[in-house]
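In what follows, a single structure is set out as structure tokens and then discussed.
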Amino acid sequence: MKKENFELSKWLPICIIAIILMLIYKTIDNIAQITTTIGVFLGVISPLLLGIIFAYFLYIPHHLLERVIKKIKIEFIAKHSRGVTTIIVFVILLILLILILSFVIPILFANLVDLATSIPEYIISIMDYFDNLPADSIYADFNLSDAIRTYTNDLVNMVINIENIELAAQGVISFLGGLFSTIMGLVISLYLLLDRDRIFAFFRRLNIAIFKSELKRHKMTKYVGQINNVLLTFITSKGLDSVINFIVATAVLLIFGVQYALLLGLIAGAFNFIPYIGSIISALIISLLTLITSGVDTAIYVLICLLIFNQIDGNYIEPRIMKSSLKISPILVIVAVVIGGAYFGIVGMFLAVPIAVIIKQIMLEYMTIAELHNLEEDKKNKQE
């Protein structure tokens, strides 16, 4: 019997390691299929995910408005302050949505159509510029006009391809699906804000039902609280900061008379959700489009203004909005954004940072507990 136990204790760890290695190998070998499956699943639950994101973004104004309504002396309103607050927020969102669909979306669509139809003219102007360069210009030896002409022909052939026309049709369908998911997400977020006490109570009961030990329940509550704080800090601060970036970028572009200012300002606001590198990427994209539409001088002025504002925003505005720093290394941010974007696109780039912060906090706490345990073991060994 002892021999059997010895053999079991000897081979069991080897078997476990072999199974883990096999699982890792099969995961890497089928990574494309796994990511595709995860992507499809995320697409199915995208209204719920958007609802959670919107709920975090709306929590602070909803909470502040609820506190104001609770002070109203009318008993019925004060008693049902959360419901009244949710109705007011819903009406405001509905008005904003109608204004966006009535005014902003048509302008953006017109800008996109105008930009698409004007691109051939811009390309011809750029090629004429490079064709007429002086013979002693440093750019004359690079044959940039030929490179642009070749790239343009390839682009035209790609666009007129039947398969790509089908892809464009699928893109339109995806846009409409995304719009529907966004509207559903807003509705879900309002329900989450309205019933958040019941939701929290359910998870507290679930925590008690799963974990019998009070210590484990306390740890789980602590982890969930950390996750909640990270998501609330990141989403609300980044959301408000992105709105500021959109307004400032649009104002700068309007001052310099750049075409498609609203569209380019929207790019600045959207890319700001990607930490560190997002604002730089958007500044380069906006400057490139400004170069094509408004000339070299205007593009340089716009790039300088955007880079200056990015420094002010990164070092002063955003830290003041965020109040408590996420305390994450820029290298870790870049790695997380690259991995998230590679496997899950824009959504992955957006969620990569809060997920990385959560994993980092859990690992640090685990390491701290392990270090304390090892120190206690060392003390016991020394005493013996």
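By convention in this document, the chains of the structure tokens carry letters A, B, ... by their order, each chain's residues are numbered from 1, and ligands are numbered from 1 in the order they are shown.
Residues surrounding A:Thr293 within 8 Å are Tyr122, Val258 and Gln259 of chain A [only C-alpha atoms; sequence separation below 5 positions excluded].
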With N, CA and C atoms retained, write the just-selected residues as a compact mmCIF listing (two decimals), in the first residue's frame.
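Saved result, again.txt, follows:
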# COMPACT_ATOMS: atom_id res chain seq x y z
N TYR A 122 -6.85 65.05 -54.85
CA TYR A 122 -5.73 65.27 -53.93
C TYR A 122 -4.50 64.48 -54.36
N VAL A 258 -9.46 73.89 -41.65
CA VAL A 258 -9.25 72.56 -42.23
C VAL A 258 -10.59 71.93 -42.57
N GLN A 259 -10.64 71.30 -43.73
CA GLN A 259 -11.86 70.60 -44.11
C GLN A 259 -12.07 69.36 -43.24
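For the set A:Ala55, A:Ala261, A:Leu93, A:Ile339, the residue with the smallest atom-to-atom gap to A:Asp195 is A:Ala55, counting only C-alpha atoms.
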For A:Thr250, please output as a PDB file with C-alpha atoms, in the first residue's frame all residues within 8 Å (counting only C-alpha atoms; exclusion window: fewer than 6 positions along the same chain).
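Result file is selection_18.pdb:
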ATOM      1  CA  ALA A 261     -12.931  69.284 -38.933  1.00  0.00           C
ATOM      2  CA  LEU A 262     -15.767  67.416 -37.214  1.00  0.00           C
ATOM      3  CA  LEU A 264     -11.043  64.581 -37.748  1.00  0.00           C
ATOM      4  CA  GLY A 265     -11.971  65.805 -34.269  1.00  0.00           C
ATOM      5  CA  LEU A 266     -13.975  62.619 -33.773  1.00  0.00           C
TER       6      LEU A 266
END
Neighbouring residues of A:Asp313 were defined as those with any atom within 10 Å, considering only C-alpha atoms; residues of the same chain fewer than 4 positions away were excluded. Please report them as a PDB file with N, CA and C atoms, in the first residue's frame.
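Saved as result02.pdb:
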ATOM      1  N   ASP A 241     -12.088  62.806 -20.747  1.00  0.00           N
ATOM      2  CA  ASP A 241     -10.893  63.331 -21.410  1.00  0.00           C
ATOM      3  C   ASP A 241     -11.018  63.222 -22.932  1.00  0.00           C
ATOM      4  N   ILE A 244     -13.034  66.110 -24.159  1.00  0.00           N
ATOM      5  CA  ILE A 244     -12.191  67.312 -24.190  1.00  0.00           C
ATOM      6  C   ILE A 244     -11.279  67.296 -25.415  1.00  0.00           C
ATOM      7  N   ASN A 245     -10.679  66.136 -25.714  1.00  0.00           N
ATOM      8  CA  ASN A 245      -9.817  66.012 -26.891  1.00  0.00           C
ATOM      9  C   ASN A 245     -10.595  66.279 -28.178  1.00  0.00           C
ATOM     10  N   SER A 279      -3.238  59.142 -28.695  1.00  0.00           N
ATOM     11  CA  SER A 279      -3.235  60.563 -29.064  1.00  0.00           C
ATOM     12  C   SER A 279      -2.164  60.861 -30.118  1.00  0.00           C
ATOM     13  N   LEU A 307       0.279  68.248 -30.838  1.00  0.00           N
ATOM     14  CA  LEU A 307       1.325  67.680 -29.985  1.00  0.00           C
ATOM     15  C   LEU A 307       1.479  68.471 -28.691  1.00  0.00           C
ATOM     16  N   ILE A 308       1.376  69.812 -28.789  1.00  0.00           N
ATOM     17  CA  ILE A 308       1.445  70.637 -27.572  1.00  0.00           C
ATOM     18  C   ILE A 308       0.272  70.320 -26.651  1.00  0.00           C
ATOM     19  N   PHE A 309      -0.933  70.233 -27.239  1.00  0.00           N
ATOM     20  CA  PHE A 309      -2.102  69.916 -26.413  1.00  0.00           C
ATOM     21  C   PHE A 309      -1.988  68.519 -25.813  1.00  0.00           C
ATOM     22  N   ILE A 317      -4.108  67.737 -17.591  1.00  0.00           N
ATOM     23  CA  ILE A 317      -5.571  67.601 -17.624  1.00  0.00           C
ATOM     24  C   ILE A 317      -6.005  66.206 -17.192  1.00  0.00           C
ATOM     25  N   GLU A 318      -5.482  65.172 -17.863  1.00  0.00           N
ATOM     26  CA  GLU A 318      -5.928  63.804 -17.572  1.00  0.00           C
ATOM     27  C   GLU A 318      -5.613  63.359 -16.144  1.00  0.00           C
ATOM     28  N   PRO A 319      -4.401  63.653 -15.600  1.00  0.00           N
ATOM     29  CA  PRO A 319      -4.163  63.278 -14.194  1.00  0.00           C
ATOM     30  C   PRO A 319      -5.117  63.963 -13.223  1.00  0.00           C
ATOM     31  N   ARG A 320      -5.533  65.211 -13.534  1.00  0.00           N
ATOM     32  CA  ARG A 320      -6.480  65.902 -12.658  1.00  0.00           C
ATOM     33  C   ARG A 320      -7.861  65.253 -12.745  1.00  0.00           C
TER      34      ARG A 320
END
**Study point:** Within 12 Å of stretch 295-300 of chain A using only C-alpha atoms, minus same-chain residues under 2 positions, as a ChimeraX atom specification
**Key:** /A:122,125-126,129,252-259,283-293,302-307
Review point. So which residues touch A:Phe57 within 8 Å, counting only C-alpha atoms, skipping near sequence neighbours fewer than 4 positions away, as a list in words?
Key: Ile53, Leu232, Ile235, Thr236 and Gly239 of chain A
Give me a file of those residues, with N, CA and C atoms, as a CSV table (one decimal), in the first residue's frame.
chain,number,residue,atom,x,y,z
A,53,ILE,N,-20.2,49.4,-19.9
A,53,ILE,CA,-19.3,50.5,-20.1
A,53,ILE,C,-20.1,51.8,-20.0
A,232,LEU,N,-14.2,51.9,-13.1
A,232,LEU,CA,-14.8,53.2,-12.9
A,232,LEU,C,-13.9,54.4,-13.2
A,235,ILE,N,-12.8,54.3,-17.2
A,235,ILE,CA,-13.9,54.6,-18.2
A,235,ILE,C,-14.3,56.0,-18.0
A,236,THR,N,-14.6,56.4,-16.8
A,236,THR,CA,-15.1,57.8,-16.6
A,236,THR,C,-14.1,58.9,-17.0
A,239,GLY,N,-13.4,58.7,-20.7
A,239,GLY,CA,-14.5,59.2,-21.5
A,239,GLY,C,-14.6,60.7,-21.5
Exercise for review: Using only C-alpha atoms, pick whichever of A:Met349, A:Leu176, A:Met184, A:Leu263 has the shortest atom-to-atom distance to A:Ile107.
Suggested key: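 For A:Ile107, the nearest of the candidates is A:Leu263.
Note that atom CA of A:Ile52 and atom CA of A:Ile227 are 13.1 Å apart.
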Review point. Counting only C-alpha atoms, which of A:Met22, A:Ile267, A:Ile359, A:Ile88 gets nearest to A:Leu108?
Key: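 When distances to A:Leu108 are compared using only C-alpha atoms, the smallest one comes from A:Ile267.
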Exercise for review: Determine the nearest neighbour of A:Arg82 from the options A:Glu66, A:Glu214, A:Asp114, A:Asp128, counting only C-alpha atoms.
Suggested key: A:Glu66
Exercise for review: Quick one: everything within 10 Å of A:Val84, counting only C-alpha atoms, minus sequence neighbours fewer than 3 positions away in the same chain. Send it as an NGL selection string.
Suggested key: :A and (65-66 or 69-70 or 76-81 or 87-90 or 194)
Residues from the last selection, N, CA and C atoms, saved as a PDB file, in the first residue's frame:
ATOM      1  N   LEU A  65     -26.853  63.542  -9.577  1.00  0.00           N
ATOM      2  CA  LEU A  65     -28.219  64.006  -9.793  1.00  0.00           C
ATOM      3  C   LEU A  65     -29.185  63.362  -8.805  1.00  0.00           C
ATOM      4  N   GLU A  66     -28.967  62.106  -8.473  1.00  0.00           N
ATOM      5  CA  GLU A  66     -29.819  61.417  -7.501  1.00  0.00           C
ATOM      6  C   GLU A  66     -29.708  62.067  -6.124  1.00  0.00           C
ATOM      7  N   ILE A  69     -31.807  65.212  -6.197  1.00  0.00           N
ATOM      8  CA  ILE A  69     -33.249  64.945  -6.209  1.00  0.00           C
ATOM      9  C   ILE A  69     -33.724  64.456  -4.838  1.00  0.00           C
ATOM     10  N   LYS A  70     -32.866  63.738  -4.116  1.00  0.00           N
ATOM     11  CA  LYS A  70     -33.244  63.266  -2.777  1.00  0.00           C
ATOM     12  C   LYS A  70     -33.525  64.418  -1.817  1.00  0.00           C
ATOM     13  N   PHE A  76     -42.936  62.113  -2.692  1.00  0.00           N
ATOM     14  CA  PHE A  76     -42.969  61.072  -3.731  1.00  0.00           C
ATOM     15  C   PHE A  76     -41.681  61.075  -4.547  1.00  0.00           C
ATOM     16  N   ILE A  77     -41.217  62.282  -4.933  1.00  0.00           N
ATOM     17  CA  ILE A  77     -40.004  62.396  -5.746  1.00  0.00           C
ATOM     18  C   ILE A  77     -38.779  61.958  -4.947  1.00  0.00           C
ATOM     19  N   ALA A  78     -38.703  62.405  -3.677  1.00  0.00           N
ATOM     20  CA  ALA A  78     -37.563  62.028  -2.835  1.00  0.00           C
ATOM     21  C   ALA A  78     -37.523  60.526  -2.589  1.00  0.00           C
ATOM     22  N   LYS A  79     -38.712  59.920  -2.416  1.00  0.00           N
ATOM     23  CA  LYS A  79     -38.779  58.485  -2.155  1.00  0.00           C
ATOM     24  C   LYS A  79     -38.369  57.666  -3.365  1.00  0.00           C
ATOM     25  N   HIS A  80     -38.719  58.141  -4.553  1.00  0.00           N
ATOM     26  CA  HIS A  80     -38.392  57.435  -5.799  1.00  0.00           C
ATOM     27  C   HIS A  80     -37.301  58.193  -6.568  1.00  0.00           C
ATOM     28  N   SER A  81     -36.305  58.679  -5.815  1.00  0.00           N
ATOM     29  CA  SER A  81     -35.270  59.525  -6.433  1.00  0.00           C
ATOM     30  C   SER A  81     -34.480  58.795  -7.526  1.00  0.00           C
ATOM     31  N   ILE A  87     -35.112  58.326 -15.234  1.00  0.00           N
ATOM     32  CA  ILE A  87     -35.981  58.873 -16.282  1.00  0.00           C
ATOM     33  C   ILE A  87     -35.380  60.148 -16.864  1.00  0.00           C
ATOM     34  N   ILE A  88     -34.859  61.028 -16.005  1.00  0.00           N
ATOM     35  CA  ILE A  88     -34.248  62.275 -16.475  1.00  0.00           C
ATOM     36  C   ILE A  88     -33.030  61.979 -17.354  1.00  0.00           C
ATOM     37  N   VAL A  89     -32.174  61.056 -16.892  1.00  0.00           N
ATOM     38  CA  VAL A  89     -30.992  60.689 -17.686  1.00  0.00           C
ATOM     39  C   VAL A  89     -31.410  60.079 -19.014  1.00  0.00           C
ATOM     40  N   PHE A  90     -32.471  59.248 -19.009  1.00  0.00           N
ATOM     41  CA  PHE A  90     -32.957  58.631 -20.246  1.00  0.00           C
ATOM     42  C   PHE A  90     -33.443  59.687 -21.227  1.00  0.00           C
ATOM     43  N   LEU A 194     -30.436  51.635 -12.469  1.00  0.00           N
ATOM     44  CA  LEU A 194     -31.673  51.630 -11.684  1.00  0.00           C
ATOM     45  C   LEU A 194     -31.680  50.507 -10.651  1.00  0.00           C
TER      46      LEU A 194
END
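Going from atom CA of A:Ile173 over to atom CA of A:Val44, you cover 15.0 Å.
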